[in-house]
Amino acid sequence: MSDKTYPPSAEFSANAHIDAARYKDMYAASINDPDAFWGEQGKRIDWIKPYTQVKDVNYDFGNVSINWYADGTLNVSANCIDRHLANRGDQTAIIWEPDDPNDAARHITYRELHENTCRMANVLRDLGVGKGDRVVLYLPMIPEAAYAMLACARIGAIHSIVFAGFSPDALGARINGSDAKVVITADEAPRGGRKTALKSNTDAALLHCDDRVKCLVVKRTGGQTTWTDRDYDCTALMSAAATECTPEEMNAEDPLFILYTSGSTGQPKGVVHTSGGYLVYAAMTQELVFDYHDGDVYWCTADVGWVTGHSYIVYGPLANGATTLMFEGVPTFPDASRFWQVCEKHKVNQFYTAPTALRALMGQGNSFVEKCDLSDLKVLGTVGEPINPEAWNWYNEVVGKGRCPIVDTWWQTETGGHLMTPLPGATATKPGSCTLPFFGVQPVILEPTTGAEITTTEAEGVLCIKDSWPGQMRTVYGDHERFEKTYFSDYKGYYFTGDGCRRDADGYYWITGRVDDVINVSGHRMGTAEVESALVAHAKVAEAAVVGYPHDIKGQGIYAYVTLMNGVEPTEELRKELEKWVRTEIGPIAKPDLIQWAPGLPKTRSGKIMRRILRKIAENDYGALGDTSTLAEPAVVDDLIENRMNRS
Ligand code: WTA
């Protein structure tokens with residue numbers, strides 16, 4: 001870790017929304033009088049009926065309830081589109097860059113966004129979708145994904161996006177989990193020159209769903225698909241639909257979307273975000289963290305299947321009337337220059353990506369960056385995992401030419417928006433640190449076992465947040481008890497993040513990684529329990545334990561210890577079969593990087609798997625296994641060490 005600091009230039013600060021002095025004043029105001037502060041910030045968006053209440057929050061375990069602007073009404077889609085029409089009807093809302101650079105990019109104005117969103121909303125209404133109904137989206141990164149999100153918001157339906165890299169099984173579980181009426185998909189998703197057959201994946205998923213679920217199919221490639229009675233041609237229906245659709249009046253606390261995310265136990269949970277507070281928070285952070293100014297072109301490279309795509313491709317930027325770029329492809333297709341070519345082509349001013357992408361591109365050499373004109377870049381951002389100083393320095397020097405502040409944004413699906421991050425005109429950065437809290441956010445570091453707050457400036461422990469902010473998740477879909485148990489039971493009176501954290505002598509925060517059984521693979525969050533349950537669902541597997549280990553590009557890799565059924569031979573073929581099995585059960589992102597055949601797993605006498613030991617062996621750090629005296633069969637460990645897969 002490096003403690004070298006990089007202050008913003010005087011010139012940058014002078015033109016920024018927030019400079020150091022203003023950050024200090026505004027932060028103090030946000031903590032001293034949250035009602036007044038957020039009451040004022042709520043005016044960033046348009047309300048149908050203005051709120052008179054601001055914050056109404058209870059963090060007491062057993063009675064957790066989180067409400068913001070609770071008596072206000074609004075429509076999120078009208079905020080992201082209609083209110084901009086008078087002044088920005090002809091301004092580009094979305095720049096769409098397709099997978100293949102030889103295909104034409106598209107510039108969709110706010111007026112066109114309005115027309116297309118209304119058409120899609122009318123199609124959904126005609127299919128019987130109304131306020132409060134759930135709609136699952138399983139789409140490529142195409143403009144229709146944004147239309148569909150905003151169309152749901154317009155008619156008060158709740159969308160649940162499933163990343164297009166997930167398998168039919170995962171999709172089916174999400175459709176059933178939220179009792180969705182409609183699933184919106186596309187024929188095929190082109191990515192990196194290859195095509196994923198989304199429609200046939202959807203067909204496979206729907207085999208396990210209620211017959212009444214309807215399927216709306218966007219024609220992206222025109223590729224061959226089978227067609228059944230429940231399928232509707234979205235493209236044709238949209239062209240026939242009316243171009244006006246009155247937005248539904250929604251309460252601030254009506255759900256806007258559900259997004260499934262991994263936890264340390266069990267299957268992924270449906271994180272619920274609501275309308276008013278979420279939009280205020282997404283809009284405010286997008287403007288201030290990226291120092292977005294009118295006329296800028298802003299690009300977040302995430303997929304709308306993740307929370308980053310929700311808040312920072314669609315809702316935040318569009319609420320601000322920004323121009324947001326949506327990219328269908330991957331950083332390395334046709335070659336490792338693609339990101340930078342897109343930046344040059346569309347004159348991108350703010351660029352936001354994940355450390356894993358930077359590490360992969362860094363490894364390809366600087367020439368891919370250097371041949372592009374990146375002079376329009378002003379701010380660079382990262383998200384999803386800790387960034388190692390080497391990648392940070394490369395981003396700063398090679399991409400930003402030392403003149404673009406880097407914002408390392410720490411946040412979670414649950415938080416709706418950034419919680420700790422530099423503000424580019426205000427905060428001196430340190431490579432690898434997410435620096436300081438955003439307005440209204442009070443991070444605390446607790447002693448992990450006692451839960452006592454560590455009040456010294458320098459501290460290390462588990463990261464909790466003391467009070468609420470408007471973008472916070474409100475519940476787990478259909479399971480409020482699980483919500484309270486996951487986030488409010490271990491450390492009473494706080495929101496528990498699941499992350500470990502260090503605070504340095506300057507009060508800067510450094511995320512040290514998850515303290516639970518969640519791993520972060522290429523910036524994708526995954527529960528080790530999910531991969532384990534996929535593995536044990538295979539007929540030849542008796543038992544499995546999955547842990548993360550450090551991986552140069554992915555941040556963390558997936559390491560699986562597998563015990564086979566009695567009499568089953570461990571072969572290379574079986575290893576491949578298990579890899580394929582996990583891909584089909586969950587999706588390609590969950591494929592184990594290393595599978596070790598384990599004759600037994602280290603367990604306590606009460607039968608609990610000792611993951612600490614498995615993590616150490618996977619890290620190739622087997623000299624420091626710590627206390628193994630409680631193991632039922634210590635010899636198991638010797639075998640695991642001897643046959644370890646990671647010898648780096
Ligand atoms: C990790 C992604 C270090 C962290 C928005 C968190 C980070 C989890 C950072 C949430 C960062 C995210 N520095 N770690 N800047 N950003 N994380 O829900 O462990 O997919 O708890 O949300 O990613 O992942 P999620």
# chains A, B, ... in the order shown; residues from 1 in each chain; ligands from 1
$ closest_atom_pairs --of "chain A" --to "ligand 1" --cutoff "7 Å" --atoms "only C-alpha atoms and all ligand atoms" --output "Markdown table"
| residue | atom | partner | partner_atom_place_in_ligand_line | distance |
| --- | --- | --- | --- | --- |
| A:Thr261 | CA | ligand 1 | 18 (O) | 6.6 |
| A:Trp306 | CA | ligand 1 | 20 (O) | 6.7 |
| A:Val307 | CA | ligand 1 | 5 (C) | 6.2 |
| A:Thr308 | CA | ligand 1 | 5 (C) | 5.6 |
| A:Thr382 | CA | ligand 1 | 15 (N) | 6.3 |
| A:Val383 | CA | ligand 1 | 15 (N) | 4.5 |
| A:Gly384 | CA | ligand 1 | 12 (C) | 3.5 |
| A:Glu385 | CA | ligand 1 | 14 (N) | 3.5 |
| A:Pro386 | CA | ligand 1 | 3 (C) | 3.4 |
| A:Ile387 | CA | ligand 1 | 13 (N) | 6.4 |
| A:Asp408 | CA | ligand 1 | 15 (N) | 4.9 |
| A:Thr409 | CA | ligand 1 | 15 (N) | 4.2 |
| A:Trp410 | CA | ligand 1 | 15 (N) | 3.5 |
| A:Trp411 | CA | ligand 1 | 5 (C) | 4.9 |
| A:Gln412 | CA | ligand 1 | 22 (O) | 3.5 |
| A:Thr413 | CA | ligand 1 | 18 (O) | 3.7 |
| A:Glu414 | CA | ligand 1 | 18 (O) | 6.4 |
| A:Cys434 | CA | ligand 1 | 15 (N) | 5.8 |
| A:Thr497 | CA | ligand 1 | 21 (O) | 6.3 |
| A:Gly498 | CA | ligand 1 | 21 (O) | 6.1 |
| A:Asp499 | CA | ligand 1 | 21 (O) | 5.4 |
| A:Ile511 | CA | ligand 1 | 3 (C) | 5.0 |
| A:Gly513 | CA | ligand 1 | 19 (O) | 5.1 |
| A:Arg514 | CA | ligand 1 | 19 (O) | 5.1 |
| A:Asn520 | CA | ligand 1 | 23 (O) | 6.6 |
| A:Gly523 | CA | ligand 1 | 20 (O) | 6.9 |
| A:His524 | CA | ligand 1 | 20 (O) | 5.8 |
| A:Arg525 | CA | ligand 1 | 20 (O) | 4.9 |
$ residues_around --residues "segment 26-38 of chain A" --least-positions-apart "3" --cutoff "8 Å" --atoms "only C-alpha atoms" --output "PyMOL selection string"
chain A and resi 22-23+41-42+54-55+438-442
$ residues_around --residues "segment 226-242 of chain A" --least-positions-apart "2" --cutoff "7 Å" --atoms "only C-alpha atoms" --output "PDB file with N, CA, C and O atoms, in the first residue's frame"
ATOM      1  N   ARG A 119     -43.525   3.726 -25.861  1.00  0.00           N
ATOM      2  CA  ARG A 119     -43.959   2.572 -26.670  1.00  0.00           C
ATOM      3  C   ARG A 119     -43.822   1.277 -25.861  1.00  0.00           C
ATOM      4  O   ARG A 119     -44.725   0.459 -25.789  1.00  0.00           O
ATOM      5  N   MET A 120     -42.647   1.102 -25.258  1.00  0.00           N
ATOM      6  CA  MET A 120     -42.398  -0.113 -24.476  1.00  0.00           C
ATOM      7  C   MET A 120     -43.372  -0.190 -23.295  1.00  0.00           C
ATOM      8  O   MET A 120     -43.897  -1.260 -22.983  1.00  0.00           O
ATOM      9  N   ASN A 122     -46.376   1.017 -23.143  1.00  0.00           N
ATOM     10  CA  ASN A 122     -47.701   0.639 -23.650  1.00  0.00           C
ATOM     11  C   ASN A 122     -47.761  -0.847 -24.003  1.00  0.00           C
ATOM     12  O   ASN A 122     -48.782  -1.499 -23.785  1.00  0.00           O
ATOM     13  N   VAL A 123     -46.676  -1.366 -24.534  1.00  0.00           N
ATOM     14  CA  VAL A 123     -46.628  -2.806 -24.839  1.00  0.00           C
ATOM     15  C   VAL A 123     -46.799  -3.598 -23.543  1.00  0.00           C
ATOM     16  O   VAL A 123     -47.577  -4.555 -23.467  1.00  0.00           O
ATOM     17  N   LYS A 214     -45.359 -14.384 -19.565  1.00  0.00           N
ATOM     18  CA  LYS A 214     -45.226 -14.044 -20.983  1.00  0.00           C
ATOM     19  C   LYS A 214     -43.786 -13.628 -21.298  1.00  0.00           C
ATOM     20  O   LYS A 214     -43.076 -13.132 -20.433  1.00  0.00           O
ATOM     21  N   CYS A 215     -43.418 -13.828 -22.550  1.00  0.00           N
ATOM     22  CA  CYS A 215     -42.038 -13.545 -22.952  1.00  0.00           C
ATOM     23  C   CYS A 215     -42.036 -12.547 -24.103  1.00  0.00           C
ATOM     24  O   CYS A 215     -42.617 -12.788 -25.152  1.00  0.00           O
ATOM     25  N   LEU A 216     -41.390 -11.422 -23.862  1.00  0.00           N
ATOM     26  CA  LEU A 216     -41.323 -10.354 -24.846  1.00  0.00           C
ATOM     27  C   LEU A 216     -39.922 -10.392 -25.454  1.00  0.00           C
ATOM     28  O   LEU A 216     -38.929 -10.277 -24.730  1.00  0.00           O
ATOM     29  N   VAL A 217     -39.847 -10.556 -26.778  1.00  0.00           N
ATOM     30  CA  VAL A 217     -38.546 -10.796 -27.396  1.00  0.00           C
ATOM     31  C   VAL A 217     -38.109  -9.632 -28.292  1.00  0.00           C
ATOM     32  O   VAL A 217     -38.785  -9.306 -29.273  1.00  0.00           O
ATOM     33  N   VAL A 218     -36.999  -9.004 -27.939  1.00  0.00           N
ATOM     34  CA  VAL A 218     -36.429  -7.951 -28.780  1.00  0.00           C
ATOM     35  C   VAL A 218     -35.609  -8.620 -29.876  1.00  0.00           C
ATOM     36  O   VAL A 218     -34.825  -9.532 -29.603  1.00  0.00           O
ATOM     37  N   LYS A 219     -35.770  -8.163 -31.114  1.00  0.00           N
ATOM     38  CA  LYS A 219     -34.968  -8.699 -32.206  1.00  0.00           C
ATOM     39  C   LYS A 219     -33.658  -7.921 -32.248  1.00  0.00           C
ATOM     40  O   LYS A 219     -33.623  -6.799 -32.743  1.00  0.00           O
ATOM     41  N   GLN A 224     -32.114 -17.030 -35.582  1.00  0.00           N
ATOM     42  CA  GLN A 224     -33.197 -18.013 -35.495  1.00  0.00           C
ATOM     43  C   GLN A 224     -33.587 -18.281 -34.038  1.00  0.00           C
ATOM     44  O   GLN A 224     -32.737 -18.510 -33.195  1.00  0.00           O
ATOM     45  N   GLU A 244     -47.142   7.986 -26.576  1.00  0.00           N
ATOM     46  CA  GLU A 244     -47.380   8.693 -25.314  1.00  0.00           C
ATOM     47  C   GLU A 244     -47.870   7.687 -24.288  1.00  0.00           C
ATOM     48  O   GLU A 244     -48.626   6.769 -24.629  1.00  0.00           O
TER      49      GLU A 244
END
$ select_by_dssp --residues "segment 455-516 of chain A" --states "strand (DSSP E or B)" --output "PyMOL selection string"
chain A and resi 459-465+475-476+495-503+509-514
$ closest_residue --among "A:Gly381, A:Pro550, A:Gly607, A:Gly527" --to "Cys300 of chain A" --atoms "only C-alpha atoms"
A:Gly381
$ residues_around --residues "Ala21 of chain A" --least-positions-apart "4" --cutoff "12 Å" --atoms "only C-alpha atoms" --output "list in words"
Ser13, Ala14, Ala16, His17, Asp25, Met26, Tyr27, Ala28, Leu423, Gly425, Ala426 and Thr427 of chain A
$ write_last_selection --atoms "C-alpha atoms" --output "PDB file, in the first residue's frame"
ATOM      1  CA  SER A  13     -10.817  22.411  -8.172  1.00  0.00           C
ATOM      2  CA  ALA A  14     -11.664  25.910  -9.335  1.00  0.00           C
ATOM      3  CA  ALA A  16     -15.447  21.645  -9.886  1.00  0.00           C
ATOM      4  CA  HIS A  17     -18.872  21.464  -8.241  1.00  0.00           C
ATOM      5  CA  ASP A  25     -18.827  22.422   5.160  1.00  0.00           C
ATOM      6  CA  MET A  26     -21.379  20.321   3.349  1.00  0.00           C
ATOM      7  CA  TYR A  27     -20.266  17.130   5.062  1.00  0.00           C
ATOM      8  CA  ALA A  28     -20.606  18.750   8.491  1.00  0.00           C
ATOM      9  CA  LEU A 423     -14.729  13.964  -4.920  1.00  0.00           C
ATOM     10  CA  GLY A 425     -12.123  18.575  -7.061  1.00  0.00           C
ATOM     11  CA  ALA A 426     -11.986  18.180  -3.309  1.00  0.00           C
ATOM     12  CA  THR A 427     -10.132  15.088  -2.173  1.00  0.00           C
TER      13      THR A 427
END
$ residues_around --residues "Met526 of chain A" --least-positions-apart "2" --cutoff "10 Å" --atoms "only C-alpha atoms" --output "list in words"
Thr261, Ser262, Gly263, Ser264, Pro268, Asp517, Val518, Ile519, Asn520, Val521, Gly523, His524, Thr528, Ala529, Glu530, Val531, Gly548, Ile558, Ile589 and Ala590 of chain A
$ write_last_selection --atoms "C-alpha atoms" --output "PDB file, in the first residue's frame"
ATOM      1  CA  THR A 261     -27.095 -10.336  -5.080  1.00  0.00           C
ATOM      2  CA  SER A 262     -24.957 -12.921  -3.344  1.00  0.00           C
ATOM      3  CA  GLY A 263     -24.591 -13.217   0.385  1.00  0.00           C
ATOM      4  CA  SER A 264     -22.532 -15.429   2.647  1.00  0.00           C
ATOM      5  CA  PRO A 268     -28.912 -14.853  -3.644  1.00  0.00           C
ATOM      6  CA  ASP A 517     -18.022 -15.971   2.622  1.00  0.00           C
ATOM      7  CA  VAL A 518     -18.606 -13.667  -0.290  1.00  0.00           C
ATOM      8  CA  ILE A 519     -15.900 -13.507  -2.958  1.00  0.00           C
ATOM      9  CA  ASN A 520     -15.278 -10.929  -5.624  1.00  0.00           C
ATOM     10  CA  VAL A 521     -14.311 -12.443  -8.956  1.00  0.00           C
ATOM     11  CA  GLY A 523     -15.619  -7.441  -9.867  1.00  0.00           C
ATOM     12  CA  HIS A 524     -18.562  -9.870  -9.774  1.00  0.00           C
ATOM     13  CA  THR A 528     -19.115 -19.439  -2.076  1.00  0.00           C
ATOM     14  CA  ALA A 529     -22.250 -21.245  -0.835  1.00  0.00           C
ATOM     15  CA  GLU A 530     -23.872 -20.893  -4.266  1.00  0.00           C
ATOM     16  CA  VAL A 531     -20.932 -22.518  -6.033  1.00  0.00           C
ATOM     17  CA  GLY A 548     -11.415 -17.365  -2.908  1.00  0.00           C
ATOM     18  CA  ILE A 558     -12.556 -19.543  -7.322  1.00  0.00           C
ATOM     19  CA  ILE A 589     -18.633 -16.270 -14.110  1.00  0.00           C
ATOM     20  CA  ALA A 590     -18.980 -18.969 -11.441  1.00  0.00           C
TER      21      ALA A 590
END
$ residues_around --residues "Cys501 of chain A" --least-positions-apart "6" --cutoff "12 Å" --atoms "only C-alpha atoms" --output "PyMOL selection string"
chain A and resi 386+410+420+433-435+443-448+454+458-465+507-515
$ write_last_selection --atoms "C-alpha atoms" --output "compact mmCIF listing (two decimals), in the first residue's frame"
# COMPACT_ATOMS: atom_id res chain seq x y z
CA PRO A 386 -10.01 -2.83 -4.14
CA TRP A 410 -16.67 2.02 -2.59
CA MET A 420 -17.06 6.31 0.28
CA SER A 433 -7.90 4.01 -0.74
CA CYS A 434 -11.56 4.93 -1.29
CA THR A 435 -10.63 7.94 0.85
CA PRO A 443 -18.61 4.99 8.49
CA VAL A 444 -17.56 3.33 11.74
CA ILE A 445 -14.98 0.64 12.37
CA LEU A 446 -15.91 -1.95 14.95
CA GLU A 447 -13.87 -4.48 16.83
CA PRO A 448 -15.06 -7.70 15.09
CA ILE A 454 -12.93 1.88 17.60
CA GLU A 458 -6.11 4.76 13.13
CA ALA A 459 -8.25 1.67 13.30
CA GLU A 460 -8.86 -1.69 11.68
CA GLY A 461 -11.92 -3.92 11.96
CA VAL A 462 -15.32 -4.46 10.38
CA LEU A 463 -16.99 -1.66 8.52
CA CYS A 464 -20.45 -0.53 9.56
CA ILE A 465 -22.48 2.58 8.78
CA GLY A 507 -8.72 9.37 8.52
CA TYR A 508 -8.67 7.75 5.06
CA TYR A 509 -10.50 4.44 4.58
CA TRP A 510 -8.96 1.34 2.96
CA ILE A 511 -11.27 -1.59 2.22
CA THR A 512 -9.47 -4.83 3.07
CA GLY A 513 -12.02 -7.20 1.51
CA ARG A 514 -15.04 -9.19 2.62
CA VAL A 515 -15.11 -10.65 6.11
$ atom_distance --atom1 "atom CA of Ala391 of chain A" --atom2 "atom CA of Ala360 of chain A"
9.6 Å
$ residues_around --residues "Val636 of chain A" --least-positions-apart "4" --cutoff "7 Å" --atoms "only C-alpha atoms" --output "ChimeraX atom specification"
/A:600-602,640
$ select_by_dssp --residues "segment 289-479 of chain A" --states "alpha helix (DSSP H)" --output "PyMOL selection string"
chain A and resi 289+307-309+316-319+338-346+355-362+367-370+389-394
$ write_last_selection --atoms "C-alpha atoms" --output "mmCIF file, in the first residue's frame"
data_model
loop_
_atom_site.group_PDB
_atom_site.id
_atom_site.type_symbol
_atom_site.label_atom_id
_atom_site.label_comp_id
_atom_site.auth_asym_id
_atom_site.auth_seq_id
_atom_site.Cartn_x
_atom_site.Cartn_y
_atom_site.Cartn_z
ATOM 1 C CA VAL A 289 -18.505 12.122 -7.742
ATOM 2 C CA VAL A 307 -26.185 -2.338 -9.616
ATOM 3 C CA THR A 308 -23.504 -0.136 -11.161
ATOM 4 C CA GLY A 309 -25.415 -0.226 -14.429
ATOM 5 C CA GLY A 316 -28.298 8.682 -12.035
ATOM 6 C CA PRO A 317 -27.118 10.155 -15.347
ATOM 7 C CA LEU A 318 -30.565 10.336 -16.948
ATOM 8 C CA ALA A 319 -32.082 11.993 -13.861
ATOM 9 C CA ARG A 338 -11.437 -0.933 -27.721
ATOM 10 C CA PHE A 339 -12.142 1.053 -24.533
ATOM 11 C CA TRP A 340 -9.760 3.780 -25.589
ATOM 12 C CA GLN A 341 -11.040 3.843 -29.151
ATOM 13 C CA VAL A 342 -14.570 4.315 -27.860
ATOM 14 C CA CYS A 343 -13.314 7.132 -25.591
ATOM 15 C CA GLU A 344 -11.697 8.812 -28.582
ATOM 16 C CA LYS A 345 -14.625 8.267 -30.940
ATOM 17 C CA HIS A 346 -17.267 9.684 -28.611
ATOM 18 C CA PRO A 355 -9.983 -2.717 -11.600
ATOM 19 C CA THR A 356 -10.142 -6.203 -13.148
ATOM 20 C CA ALA A 357 -10.538 -4.655 -16.621
ATOM 21 C CA LEU A 358 -7.639 -2.286 -15.963
ATOM 22 C CA ARG A 359 -5.379 -5.129 -14.836
ATOM 23 C CA ALA A 360 -6.225 -7.164 -17.924
ATOM 24 C CA LEU A 361 -5.561 -4.213 -20.238
ATOM 25 C CA MET A 362 -2.416 -3.176 -18.415
ATOM 26 C CA SER A 367 0.615 0.900 -27.083
ATOM 27 C CA PHE A 368 -3.108 0.050 -27.123
ATOM 28 C CA VAL A 369 -3.764 3.157 -25.039
ATOM 29 C CA GLU A 370 -1.146 5.412 -26.520
ATOM 30 C CA PRO A 389 -1.592 0.588 -6.462
ATOM 31 C CA GLU A 390 0.098 -0.770 -9.598
ATOM 32 C CA ALA A 391 -3.147 -0.677 -11.571
ATOM 33 C CA TRP A 392 -4.029 2.697 -10.026
ATOM 34 C CA ASN A 393 -0.706 4.158 -11.149
ATOM 35 C CA TRP A 394 -1.132 2.771 -14.637
#
$ atom_distance --atom1 "atom CA of Phe496 of chain A" --atom2 "atom CA of Lys466 of chain A"
9.0 Å
$ closest_residue --among "A:Gly321, A:Gly500, A:Gly587, A:Gly471" --to "Glu287 of chain A" --atoms "only C-alpha atoms"
A:Gly321
$ closest_residue --among "A:Asp294, A:Asp179, A:Asp133, A:Asp100" --to "Val213 of chain A" --atoms "only C-alpha atoms"
A:Asp179
$ atom_distance --atom1 "atom CA of Trp47 of chain A" --atom2 "atom CA of Gly72 of chain A"
6.8 Å
